[in-house]
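Below is one structure; the comments refer to it alone.
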Amino acid sequence: MTSRDGRTFGHISGVEVGATFTSKAALADAGVHVLRQAGIHGDHELGAFSICLSKGYEDNVDRGNTITYVGSGGQDDDGKQISDQSPDTPANKALFISSITRRPVRVVRGANDDNTYSPGHGYRYDGLYVVDEAKMVDGKKGFKMCTFTLKRIDEDGQKAIPIRRTLTAGKLAKMRKKARTG
């Protein structure tokens with residue numbers, strides 16, 4: 001087992017926090033997050049190695065150093081939630097196990113216009129987090145969802161997570177008003 005297969009708890013040798021990747025294939029080649037579709041890479045007995053936070057579930061909440069991450073399952077082919085998630089699927093079970101073992105989980109963020117912590121394009125490795133809480137909750141659509149609270153591990157010399165500034169209609173209106181009034 002090598003670190004390039006992604007089955008490593010912690011950092012991947014040679015990959016710095018903040019490293020960017022153009023595609024899921026590039027992430028997989030580096031060993032940071034080896035699954036090209038699924039958002040959770042883990043082992044149902046050992047725990048989760050990495051997660052990729054992107055547009056997958058509306059119940060995800062990203063606050064930078066704290067993430068509420070929704071498990072996998074219950075969606076149709078169009079990404080619509082149509083049923084409850086199960087804590088017994090291998091991916092969800094891996095994150096539940098990580099909440100017990102407290103082993104570090106690598107977090108990758110993918111481009112997402114609705115998330116100021118996501119990169120503008122591609123994917124970014126944002127360091128190690130610990131699964132602080134794991135539980136079943138009622139999601140926004142009323143289905144049972146596996147929900148995990150991940151907290152970033154504070155490491156010496158670690159940079160803050162970059163924030164992508166977004167220009168909203170309200171901000172644009174204020175800028176136009178200020179430009180007119182001088």
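Letters for chains follow the order of the structure tokens (A, B, ...), residue numbers begin at 1 for each chain, and ligand numbers begin at 1 in the order shown.
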Using only C-alpha atoms, find each residue in range 47-108 of chain A having at least one atom no more than 7 Å away from range 127-139 of chain A; report its shortest atom-to-atom pair and that distance in Å (one decimal), rows by chain then rising number, as JSON lines.
{"residue": "A:Asp59", "atom": "CA", "partner": "A:Gly139", "partner_atom": "CA", "distance": 6.5}
{"residue": "A:Phe96", "atom": "CA", "partner": "A:Ala134", "partner_atom": "CA", "distance": 5.8}
{"residue": "A:Ser98", "atom": "CA", "partner": "A:Val131", "partner_atom": "CA", "distance": 6.0}
{"residue": "A:Ser99", "atom": "CA", "partner": "A:Val131", "partner_atom": "CA", "distance": 4.7}
{"residue": "A:Arg102", "atom": "CA", "partner": "A:Val130", "partner_atom": "CA", "distance": 5.8}
{"residue": "A:Arg103", "atom": "CA", "partner": "A:Val130", "partner_atom": "CA", "distance": 6.5}
{"residue": "A:Pro104", "atom": "CA", "partner": "A:Val130", "partner_atom": "CA", "distance": 5.1}
{"residue": "A:Val105", "atom": "CA", "partner": "A:Tyr129", "partner_atom": "CA", "distance": 5.2}
{"residue": "A:Arg106", "atom": "CA", "partner": "A:Leu128", "partner_atom": "CA", "distance": 4.7}
{"residue": "A:Val107", "atom": "CA", "partner": "A:Gly127", "partner_atom": "CA", "distance": 5.8}
How about saving the chosen residues, all heavy atoms kept, as a PDB file, in the first residue's frame?
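part-v1.pdb, written as the output of this step:
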ATOM      1  N   ASP A  59     -27.470  20.210   1.652  1.00  0.00           N
ATOM      2  CA  ASP A  59     -27.351  20.298   3.107  1.00  0.00           C
ATOM      3  C   ASP A  59     -25.912  20.537   3.580  1.00  0.00           C
ATOM      4  O   ASP A  59     -25.691  20.745   4.769  1.00  0.00           O
ATOM      5  CB  ASP A  59     -27.919  19.027   3.756  1.00  0.00           C
ATOM      6  CG  ASP A  59     -29.426  18.919   3.581  1.00  0.00           C
ATOM      7  OD1 ASP A  59     -30.152  19.609   4.310  1.00  0.00           O
ATOM      8  OD2 ASP A  59     -29.870  18.153   2.710  1.00  0.00           O
ATOM      9  N   PHE A  96     -18.467   7.660   9.887  1.00  0.00           N
ATOM     10  CA  PHE A  96     -18.902   7.368  11.257  1.00  0.00           C
ATOM     11  C   PHE A  96     -17.745   6.777  12.065  1.00  0.00           C
ATOM     12  O   PHE A  96     -17.523   7.155  13.216  1.00  0.00           O
ATOM     13  CB  PHE A  96     -20.110   6.426  11.272  1.00  0.00           C
ATOM     14  CG  PHE A  96     -21.438   7.135  11.120  1.00  0.00           C
ATOM     15  CD1 PHE A  96     -22.105   7.108   9.912  1.00  0.00           C
ATOM     16  CD2 PHE A  96     -22.003   7.816  12.184  1.00  0.00           C
ATOM     17  CE1 PHE A  96     -23.330   7.760   9.757  1.00  0.00           C
ATOM     18  CE2 PHE A  96     -23.231   8.469  12.046  1.00  0.00           C
ATOM     19  CZ  PHE A  96     -23.886   8.438  10.828  1.00  0.00           C
ATOM     20  N   SER A  98     -14.576   7.310  11.519  1.00  0.00           N
ATOM     21  CA  SER A  98     -13.616   8.405  11.753  1.00  0.00           C
ATOM     22  C   SER A  98     -14.020   9.282  12.927  1.00  0.00           C
ATOM     23  O   SER A  98     -13.159   9.862  13.593  1.00  0.00           O
ATOM     24  CB  SER A  98     -13.465   9.257  10.488  1.00  0.00           C
ATOM     25  OG  SER A  98     -12.778   8.525   9.506  1.00  0.00           O
ATOM     26  N   SER A  99     -15.311   9.378  13.190  1.00  0.00           N
ATOM     27  CA  SER A  99     -15.748  10.175  14.344  1.00  0.00           C
ATOM     28  C   SER A  99     -15.355   9.494  15.654  1.00  0.00           C
ATOM     29  O   SER A  99     -15.219  10.156  16.681  1.00  0.00           O
ATOM     30  CB  SER A  99     -17.260  10.419  14.299  1.00  0.00           C
ATOM     31  OG  SER A  99     -17.988   9.255  14.612  1.00  0.00           O
ATOM     32  N   ARG A 102     -11.007   9.374  15.402  1.00  0.00           N
ATOM     33  CA  ARG A 102     -10.430  10.737  15.360  1.00  0.00           C
ATOM     34  C   ARG A 102      -9.200  10.805  14.451  1.00  0.00           C
ATOM     35  O   ARG A 102      -8.371  11.717  14.577  1.00  0.00           O
ATOM     36  CB  ARG A 102     -10.095  11.251  16.752  1.00  0.00           C
ATOM     37  CG  ARG A 102     -11.185  11.077  17.794  1.00  0.00           C
ATOM     38  CD  ARG A 102     -12.304  12.032  17.682  1.00  0.00           C
ATOM     39  NE  ARG A 102     -11.876  13.378  18.037  1.00  0.00           N
ATOM     40  CZ  ARG A 102     -12.638  14.439  17.886  1.00  0.00           C
ATOM     41  NH1 ARG A 102     -13.837  14.320  17.392  1.00  0.00           N
ATOM     42  NH2 ARG A 102     -12.205  15.624  18.213  1.00  0.00           N
ATOM     43  N   ARG A 103      -9.058   9.865  13.524  1.00  0.00           N
ATOM     44  CA  ARG A 103      -7.962   9.935  12.551  1.00  0.00           C
ATOM     45  C   ARG A 103      -8.213  11.092  11.590  1.00  0.00           C
ATOM     46  O   ARG A 103      -9.357  11.375  11.240  1.00  0.00           O
ATOM     47  CB  ARG A 103      -7.862   8.634  11.763  1.00  0.00           C
ATOM     48  CG  ARG A 103      -7.347   7.467  12.569  1.00  0.00           C
ATOM     49  CD  ARG A 103      -7.173   6.245  11.682  1.00  0.00           C
ATOM     50  NE  ARG A 103      -6.649   5.125  12.428  1.00  0.00           N
ATOM     51  CZ  ARG A 103      -7.203   3.921  12.454  1.00  0.00           C
ATOM     52  NH1 ARG A 103      -8.307   3.668  11.761  1.00  0.00           N
ATOM     53  NH2 ARG A 103      -6.663   2.956  13.159  1.00  0.00           N
ATOM     54  N   PRO A 104      -7.156  11.753  11.138  1.00  0.00           N
ATOM     55  CA  PRO A 104      -7.341  12.901  10.239  1.00  0.00           C
ATOM     56  C   PRO A 104      -7.881  12.492   8.874  1.00  0.00           C
ATOM     57  O   PRO A 104      -7.561  11.424   8.353  1.00  0.00           O
ATOM     58  CB  PRO A 104      -5.928  13.481  10.110  1.00  0.00           C
ATOM     59  CG  PRO A 104      -5.017  12.360  10.440  1.00  0.00           C
ATOM     60  CD  PRO A 104      -5.740  11.487  11.419  1.00  0.00           C
ATOM     61  N   VAL A 105      -8.713  13.374   8.326  1.00  0.00           N
ATOM     62  CA  VAL A 105      -9.322  13.187   7.008  1.00  0.00           C
ATOM     63  C   VAL A 105      -8.859  14.345   6.118  1.00  0.00           C
ATOM     64  O   VAL A 105      -8.962  15.511   6.506  1.00  0.00           O
ATOM     65  CB  VAL A 105     -10.869  13.192   7.113  1.00  0.00           C
ATOM     66  CG1 VAL A 105     -11.512  13.078   5.738  1.00  0.00           C
ATOM     67  CG2 VAL A 105     -11.347  12.090   8.043  1.00  0.00           C
ATOM     68  N   ARG A 106      -8.333  14.017   4.929  1.00  0.00           N
ATOM     69  CA  ARG A 106      -7.951  15.063   3.976  1.00  0.00           C
ATOM     70  C   ARG A 106      -9.213  15.695   3.390  1.00  0.00           C
ATOM     71  O   ARG A 106     -10.158  14.986   3.042  1.00  0.00           O
ATOM     72  CB  ARG A 106      -7.094  14.496   2.838  1.00  0.00           C
ATOM     73  CG  ARG A 106      -5.710  14.087   3.278  1.00  0.00           C
ATOM     74  CD  ARG A 106      -4.859  13.609   2.106  1.00  0.00           C
ATOM     75  NE  ARG A 106      -5.447  12.488   1.383  1.00  0.00           N
ATOM     76  CZ  ARG A 106      -5.406  11.218   1.784  1.00  0.00           C
ATOM     77  NH1 ARG A 106      -4.812  10.896   2.937  1.00  0.00           N
ATOM     78  NH2 ARG A 106      -5.958  10.263   1.063  1.00  0.00           N
ATOM     79  N   VAL A 107      -9.221  17.019   3.281  1.00  0.00           N
ATOM     80  CA  VAL A 107     -10.363  17.722   2.694  1.00  0.00           C
ATOM     81  C   VAL A 107      -9.924  18.419   1.415  1.00  0.00           C
ATOM     82  O   VAL A 107      -8.935  19.149   1.393  1.00  0.00           O
ATOM     83  CB  VAL A 107     -10.984  18.738   3.683  1.00  0.00           C
ATOM     84  CG1 VAL A 107     -11.983  19.649   2.983  1.00  0.00           C
ATOM     85  CG2 VAL A 107     -11.664  18.003   4.833  1.00  0.00           C
TER      86      VAL A 107
END
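Those residues that approach Ser86 in chain A to within 8 Å, counting only C-alpha atoms, are Gly73, Asp84, Asp88, Thr89, Asn92, Met145 and Cys146 of chain A; same-chain residues fewer than 2 positions away are not listed.
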Problem set entry | Residues of range 139-180 of chain A in alpha helix (DSSP H), written as a ChimeraX atom specification | /A:169-180
Expected file contents, prior selection, all heavy atoms, as a compact mmCIF listing (two decimals), in the first residue's frame:
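The new file out_31.txt reads:
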# COMPACT_ATOMS: atom_id res chain seq x y z
N ALA A 169 -25.30 41.20 -6.56
CA ALA A 169 -26.05 42.33 -7.11
C ALA A 169 -26.08 43.48 -6.10
O ALA A 169 -25.95 44.65 -6.48
CB ALA A 169 -27.47 41.90 -7.46
N GLY A 170 -26.22 43.16 -4.81
CA GLY A 170 -26.24 44.19 -3.78
C GLY A 170 -24.91 44.94 -3.68
O GLY A 170 -24.88 46.17 -3.58
N LYS A 171 -23.80 44.20 -3.74
CA LYS A 171 -22.48 44.84 -3.71
C LYS A 171 -22.27 45.70 -4.94
O LYS A 171 -21.72 46.80 -4.85
CB LYS A 171 -21.38 43.78 -3.62
CG LYS A 171 -21.29 43.08 -2.29
CD LYS A 171 -20.18 42.05 -2.32
CE LYS A 171 -20.14 41.21 -1.07
NZ LYS A 171 -19.14 40.15 -1.16
N LEU A 172 -22.71 45.22 -6.09
CA LEU A 172 -22.56 45.98 -7.33
C LEU A 172 -23.37 47.27 -7.27
O LEU A 172 -22.88 48.33 -7.67
CB LEU A 172 -23.01 45.12 -8.53
CG LEU A 172 -22.83 45.76 -9.90
CD1 LEU A 172 -21.37 46.12 -10.15
CD2 LEU A 172 -23.33 44.81 -10.98
N ALA A 173 -24.59 47.23 -6.74
CA ALA A 173 -25.41 48.43 -6.60
C ALA A 173 -24.74 49.45 -5.70
O ALA A 173 -24.73 50.66 -6.00
CB ALA A 173 -26.80 48.06 -6.07
N LYS A 174 -24.16 48.99 -4.58
CA LYS A 174 -23.46 49.91 -3.68
C LYS A 174 -22.25 50.54 -4.36
O LYS A 174 -21.97 51.73 -4.19
CB LYS A 174 -23.01 49.17 -2.42
CG LYS A 174 -24.12 48.88 -1.46
CD LYS A 174 -23.60 48.14 -0.24
CE LYS A 174 -24.73 47.77 0.69
NZ LYS A 174 -24.25 47.00 1.84
N MET A 175 -21.52 49.75 -5.14
CA MET A 175 -20.35 50.29 -5.84
C MET A 175 -20.78 51.33 -6.87
O MET A 175 -20.13 52.37 -7.01
CB MET A 175 -19.59 49.15 -6.53
CG MET A 175 -18.87 48.23 -5.56
SD MET A 175 -18.18 46.74 -6.33
CE MET A 175 -17.06 47.43 -7.52
N ARG A 176 -21.86 51.08 -7.60
CA ARG A 176 -22.35 52.04 -8.60
C ARG A 176 -22.79 53.33 -7.92
O ARG A 176 -22.50 54.42 -8.41
CB ARG A 176 -23.51 51.44 -9.38
CG ARG A 176 -23.07 50.41 -10.39
CD ARG A 176 -24.25 49.90 -11.17
NE ARG A 176 -23.81 48.94 -12.17
CZ ARG A 176 -24.57 48.01 -12.67
NH1 ARG A 176 -25.84 47.89 -12.29
NH2 ARG A 176 -24.10 47.18 -13.58
N LYS A 177 -23.50 53.22 -6.79
CA LYS A 177 -23.97 54.40 -6.08
C LYS A 177 -22.77 55.21 -5.58
O LYS A 177 -22.76 56.45 -5.71
CB LYS A 177 -24.85 53.98 -4.90
CG LYS A 177 -25.43 55.13 -4.12
CD LYS A 177 -26.35 54.65 -3.01
CE LYS A 177 -26.89 55.85 -2.23
NZ LYS A 177 -27.75 55.39 -1.14
N LYS A 178 -21.78 54.53 -5.05
CA LYS A 178 -20.60 55.24 -4.54
C LYS A 178 -19.85 55.92 -5.68
O LYS A 178 -19.36 57.04 -5.54
CB LYS A 178 -19.66 54.25 -3.83
CG LYS A 178 -18.49 54.90 -3.16
CD LYS A 178 -17.68 53.91 -2.36
CE LYS A 178 -16.52 54.61 -1.69
NZ LYS A 178 -15.71 53.68 -0.90
N ALA A 179 -19.78 55.29 -6.84
CA ALA A 179 -19.09 55.88 -7.99
C ALA A 179 -19.83 57.13 -8.48
O ALA A 179 -19.19 58.11 -8.90
CB ALA A 179 -18.99 54.86 -9.11
N ARG A 180 -21.16 57.12 -8.44
CA ARG A 180 -21.94 58.28 -8.88
C ARG A 180 -21.83 59.45 -7.91
O ARG A 180 -21.78 60.61 -8.31
CB ARG A 180 -23.42 57.90 -9.02
CG ARG A 180 -23.73 57.12 -10.28
CD ARG A 180 -25.24 57.06 -10.52
NE ARG A 180 -25.94 56.47 -9.39
CZ ARG A 180 -26.32 55.20 -9.31
NH1 ARG A 180 -26.06 54.38 -10.28
NH2 ARG A 180 -26.97 54.77 -8.24
Exercise. Which one is closest to Thr147 in chain A: A:Pro87, A:Pro162, A:Gly120, A:Gly71? Count only C-alpha atoms.
Worked result: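 Selected residue with least distance to Thr147 in chain A: A:Gly71.
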For this session: Would you please extract all strand (DSSP E) residues from range 45-179 of chain A, as assigned by DSSP on the backbone, and give them as number ranges by chain?
Result: A: 47-53, 61-62, 66-70, 105-110, 123-138, 144-152
For this session: Go ahead and compute the interatomic distance for CA of Gly10 in chain A and CA of Gly110 in chain A, in Å to one decimal.
Result: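 Rounded to one decimal, the two atoms are 19.2 Å apart.
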Exercise. Within 6 Å of Tyr125 in chain A, counting only C-alpha atoms, which residues qualify if same-chain residues fewer than 3 places away don't, as a ChimeraX atom specification?
Worked result: /A:17-19,108
All heavy atoms of the current selection, written as a PDB file, in the first residue's frame:
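What follows is the written file part08.pdb:
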ATOM      1  N   VAL A  17      -0.454  21.618   1.575  1.00  0.00           N
ATOM      2  CA  VAL A  17      -1.779  22.182   1.798  1.00  0.00           C
ATOM      3  C   VAL A  17      -1.892  23.425   0.912  1.00  0.00           C
ATOM      4  O   VAL A  17      -0.978  24.236   0.844  1.00  0.00           O
ATOM      5  CB  VAL A  17      -1.979  22.550   3.282  1.00  0.00           C
ATOM      6  CG1 VAL A  17      -3.298  23.298   3.476  1.00  0.00           C
ATOM      7  CG2 VAL A  17      -1.933  21.301   4.142  1.00  0.00           C
ATOM      8  N   GLY A  18      -2.997  23.534   0.199  1.00  0.00           N
ATOM      9  CA  GLY A  18      -3.203  24.640  -0.733  1.00  0.00           C
ATOM     10  C   GLY A  18      -2.895  24.272  -2.176  1.00  0.00           C
ATOM     11  O   GLY A  18      -3.149  25.061  -3.083  1.00  0.00           O
ATOM     12  N   ALA A  19      -2.352  23.065  -2.396  1.00  0.00           N
ATOM     13  CA  ALA A  19      -2.049  22.623  -3.764  1.00  0.00           C
ATOM     14  C   ALA A  19      -3.339  22.571  -4.570  1.00  0.00           C
ATOM     15  O   ALA A  19      -4.392  22.172  -4.072  1.00  0.00           O
ATOM     16  CB  ALA A  19      -1.379  21.249  -3.744  1.00  0.00           C
ATOM     17  N   VAL A 108     -10.693  18.149   0.368  1.00  0.00           N
ATOM     18  CA  VAL A 108     -10.497  18.780  -0.932  1.00  0.00           C
ATOM     19  C   VAL A 108     -11.759  19.569  -1.237  1.00  0.00           C
ATOM     20  O   VAL A 108     -12.872  19.079  -1.008  1.00  0.00           O
ATOM     21  CB  VAL A 108     -10.265  17.720  -2.034  1.00  0.00           C
ATOM     22  CG1 VAL A 108     -10.243  18.348  -3.408  1.00  0.00           C
ATOM     23  CG2 VAL A 108      -8.995  16.936  -1.755  1.00  0.00           C
TER      24      VAL A 108
END
For this session: Would you mind telling me which residue in A:Ile67, A:Leu95, A:Leu53, A:Ile153 lies nearest to Ser118 in chain A when using only C-alpha atoms?
Result: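 When distances to Ser118 in chain A are compared using only C-alpha atoms, the smallest one comes from A:Leu53.
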Exercise. Expressed in Å to a single decimal, how great is the separation between CA of Gln85 in chain A and CA of Asn115 in chain A?
Worked result: 23.6 Å
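With only C-alpha atoms as the atoms that count, the residue of A:Gly47, A:Lys55, A:Arg124, A:Gly64 with the shortest distance to His33 in chain A is A:Arg124.
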Problem set entry | Using only C-alpha atoms: which of A:Thr181, A:Ile161, A:Ala91, A:Thr22 has the shortest distance to Ala38 in chain A |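 Using only C-alpha atoms, Ala38 in chain A sits closest to A:Ala91.
Considering the residues A:Ile163, A:Val32, A:Arg152, A:Gly14 and counting only C-alpha atoms, Pro119 in chain A has its shortest atom-to-atom contact with A:Ile163.
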Exercise. Closest to Leu150 in chain A among A:Arg36, A:Arg63, A:His44, A:Lys93, using only C-alpha atoms?
Worked result: A:Arg63
